[in-house]
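As provided, coords-v1.pdb (PDB, C-alpha atoms) reads as follows.
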ATOM      1  CA  MET D   1       0.000   0.000   0.000
ATOM      2  CA  MET D   2       1.210   3.495  -0.806
ATOM      3  CA  THR D   3      -0.101   6.409   1.240
ATOM      4  CA  LYS D   4      -0.444  10.011   0.146
ATOM      5  CA  SER D   5       2.599  11.022   2.219
ATOM      6  CA  GLU D   6       4.664   8.248   0.584
ATOM      7  CA  LEU D   7       3.575   9.531  -2.819
ATOM      8  CA  VAL D   8       4.716  13.035  -1.838
ATOM      9  CA  GLU D   9       8.084  11.577  -0.769
ATOM     10  CA  LYS D  10       8.412   9.737  -4.092
ATOM     11  CA  ILE D  11       7.751  12.956  -6.039
ATOM     12  CA  MET D  12      10.376  14.782  -3.980
ATOM     13  CA  GLU D  13      12.951  12.006  -4.602
ATOM     14  CA  THR D  14      12.186  11.681  -8.303
ATOM     15  CA  ASN D  15      12.376  15.281  -9.485
ATOM     16  CA  GLY D  16      14.788  16.802  -6.960
ATOM     17  CA  PHE D  17      13.561  20.389  -7.340
ATOM     18  CA  LEU D  18      10.223  20.355  -5.470
ATOM     19  CA  ASN D  19      10.215  20.466  -1.693
ATOM     20  CA  ARG D  20       7.680  18.628   0.498
ATOM     21  CA  LYS D  21       5.169  21.491   0.570
ATOM     22  CA  GLU D  22       5.260  21.980  -3.200
ATOM     23  CA  SER D  23       4.993  18.240  -3.860
ATOM     24  CA  GLU D  24       1.991  17.964  -1.539
ATOM     25  CA  LEU D  25       0.378  20.957  -3.258
ATOM     26  CA  VAL D  26       0.754  19.249  -6.657
ATOM     27  CA  ILE D  27      -0.856  16.050  -5.329
ATOM     28  CA  ASN D  28      -3.711  18.004  -3.704
ATOM     29  CA  ILE D  29      -4.397  19.965  -6.902
ATOM     30  CA  ILE D  30      -4.551  16.742  -8.938
ATOM     31  CA  PHE D  31      -6.833  14.904  -6.486
ATOM     32  CA  ASP D  32      -9.090  17.936  -5.925
ATOM     33  CA  SER D  33      -9.437  18.494  -9.679
ATOM     34  CA  MET D  34     -10.356  14.858 -10.223
ATOM     35  CA  ALA D  35     -12.900  14.916  -7.383
ATOM     36  CA  LYS D  36     -14.464  18.135  -8.709
ATOM     37  CA  ALA D  37     -14.778  16.678 -12.217
ATOM     38  CA  LEU D  38     -16.475  13.543 -10.839
ATOM     39  CA  MET D  39     -18.859  15.620  -8.696
ATOM     40  CA  GLU D  40     -19.857  17.522 -11.848
ATOM     41  CA  GLY D  41     -20.569  14.235 -13.640
ATOM     42  CA  ASP D  42     -17.481  14.262 -15.860
ATOM     43  CA  LYS D  43     -15.264  11.267 -16.599
ATOM     44  CA  VAL D  44     -11.574  11.440 -15.653
ATOM     45  CA  GLU D  45      -9.330   9.487 -17.999
ATOM     46  CA  ILE D  46      -5.589   9.084 -17.557
ATOM     47  CA  ARG D  47      -4.234   7.309 -20.639
ATOM     48  CA  GLY D  48      -2.291   4.180 -19.788
ATOM     49  CA  PHE D  49      -3.520   4.234 -16.187
ATOM     50  CA  GLY D  50      -7.306   4.084 -16.143
ATOM     51  CA  SER D  51     -10.537   6.026 -15.974
ATOM     52  CA  PHE D  52     -12.752   7.232 -13.160
ATOM     53  CA  THR D  53     -16.509   7.569 -13.577
ATOM     54  CA  VAL D  54     -19.535   7.978 -11.340
ATOM     55  CA  ARG D  55     -22.165   5.262 -11.288
ATOM     56  CA  GLU D  56     -25.744   5.802 -10.192
ATOM     57  CA  ARG D  57     -27.071   3.223  -7.748
ATOM     58  CA  ASP D  58     -30.828   2.870  -7.347
ATOM     59  CA  SER D  59     -32.499   2.861  -3.974
ATOM     60  CA  ARG D  60     -33.220  -0.604  -2.650
ATOM     61  CA  GLU D  61     -34.412  -2.574   0.298
ATOM     62  CA  ALA D  62     -32.036  -4.755   2.302
ATOM     63  CA  ARG D  63     -32.186  -6.712   5.525
ATOM     64  CA  ASN D  64     -30.392  -5.983   8.778
ATOM     65  CA  PRO D  65     -28.374  -9.171   9.370
ATOM     66  CA  LYS D  66     -28.741  -8.941  13.150
ATOM     67  CA  ASN D  67     -32.512  -8.833  13.425
ATOM     68  CA  GLY D  68     -33.833  -9.344   9.884
ATOM     69  CA  ASP D  69     -35.604  -5.961   9.756
ATOM     70  CA  VAL D  70     -36.084  -4.441   6.297
ATOM     71  CA  VAL D  71     -33.890  -1.379   5.806
ATOM     72  CA  ARG D  72     -34.345   1.176   3.015
ATOM     73  CA  ILE D  73     -31.081   2.158   1.320
ATOM     74  CA  PRO D  74     -31.366   5.449  -0.592
ATOM     75  CA  ALA D  75     -30.128   6.002  -4.144
ATOM     76  CA  LYS D  76     -26.560   7.227  -4.362
ATOM     77  CA  ARG D  77     -23.702   8.010  -6.681
ATOM     78  CA  THR D  78     -20.459   6.060  -6.263
ATOM     79  CA  PRO D  79     -17.063   6.539  -7.907
ATOM     80  CA  PHE D  80     -15.856   3.680 -10.105
ATOM     81  CA  PHE D  81     -12.330   3.006 -11.412
ATOM     82  CA  LYS D  82     -11.543   0.959 -14.503
ATOM     83  CA  THR D  83      -7.904   0.090 -15.128
ATOM     84  CA  GLY D  84      -6.298   0.916 -18.436
ATOM     85  CA  LYS D  85      -4.749  -1.730 -20.663
ATOM     86  CA  GLU D  86      -1.173  -0.534 -20.103
ATOM     87  CA  LEU D  87      -1.522  -0.583 -16.302
ATOM     88  CA  ARG D  88      -3.072  -4.071 -16.402
ATOM     89  CA  GLU D  89      -0.205  -5.324 -18.543
ATOM     90  CA  ARG D  90       2.428  -3.755 -16.278
ATOM     91  CA  VAL D  91       0.876  -5.262 -13.152
ATOM     92  CA  ASN D  92       0.605  -8.703 -14.759
ATOM     93  CA  ALA D  93       4.225  -8.553 -15.979
ATOM     94  CA  LEU D  94       5.504  -8.699 -12.397
TER      95      LEU D  94
END
Written as structure tokens, that's how I'd like the structure from this file.
Amino acid sequence: MMTKSELVEKIMETNGFLNRKESELVINIIFDSMAKALMEGDKVEIRGFGSFTVRERDSREARNPKNGDVVRIPAKRTPFFKTGKELRERVNAL
């Protein structure tokens, strides 16, 4: 697992000219821009990596596993990630 702080460290090590604060700002701008696009209903596609979309889930009824009561689950929007071909191939090459 790679955390956000580890990603910031990796950016600092790789380029050598951004400090921690600048690297974190770059990461935050990227993630915030992607989140904003998804909230507006846009698709985010990063060639060779994958694409992010929002899927609509209908409301439904489910059962509470403890007591069996029927519970109403409201409709919601959930983010969905689909890997790109290049990323799949790189992961499988390991």
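Nearest residue to D:Phe52 among D:Ala75, D:Glu6, D:Lys66, D:Phe81 is D:Phe81, counting all atoms listed in the file.
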> Evaluating the PyMOL selection byres ((chain D and resi 29-46) around 10) on the displayed file yields which residues, as an MDAnalysis selection string?
Replying inline: chainID D and resid 24:28 47:55 77:84
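Taking atom CA of D:Leu7 as the reference point, atom CA of D:Lys21 is found at 12.5 Å.
Here atom CA of D:Arg90 and atom CA of D:Gly16 stand 25.7 Å from one another.
Atom CA of D:Glu56 is positioned 27.2 Å from atom CA of D:Glu86.
Each of D:Ile73, D:Met2, D:Ala93, D:Leu18 was checked against D:Arg57 using only C-alpha atoms; the smallest atom-to-atom distance is that of D:Ile73.
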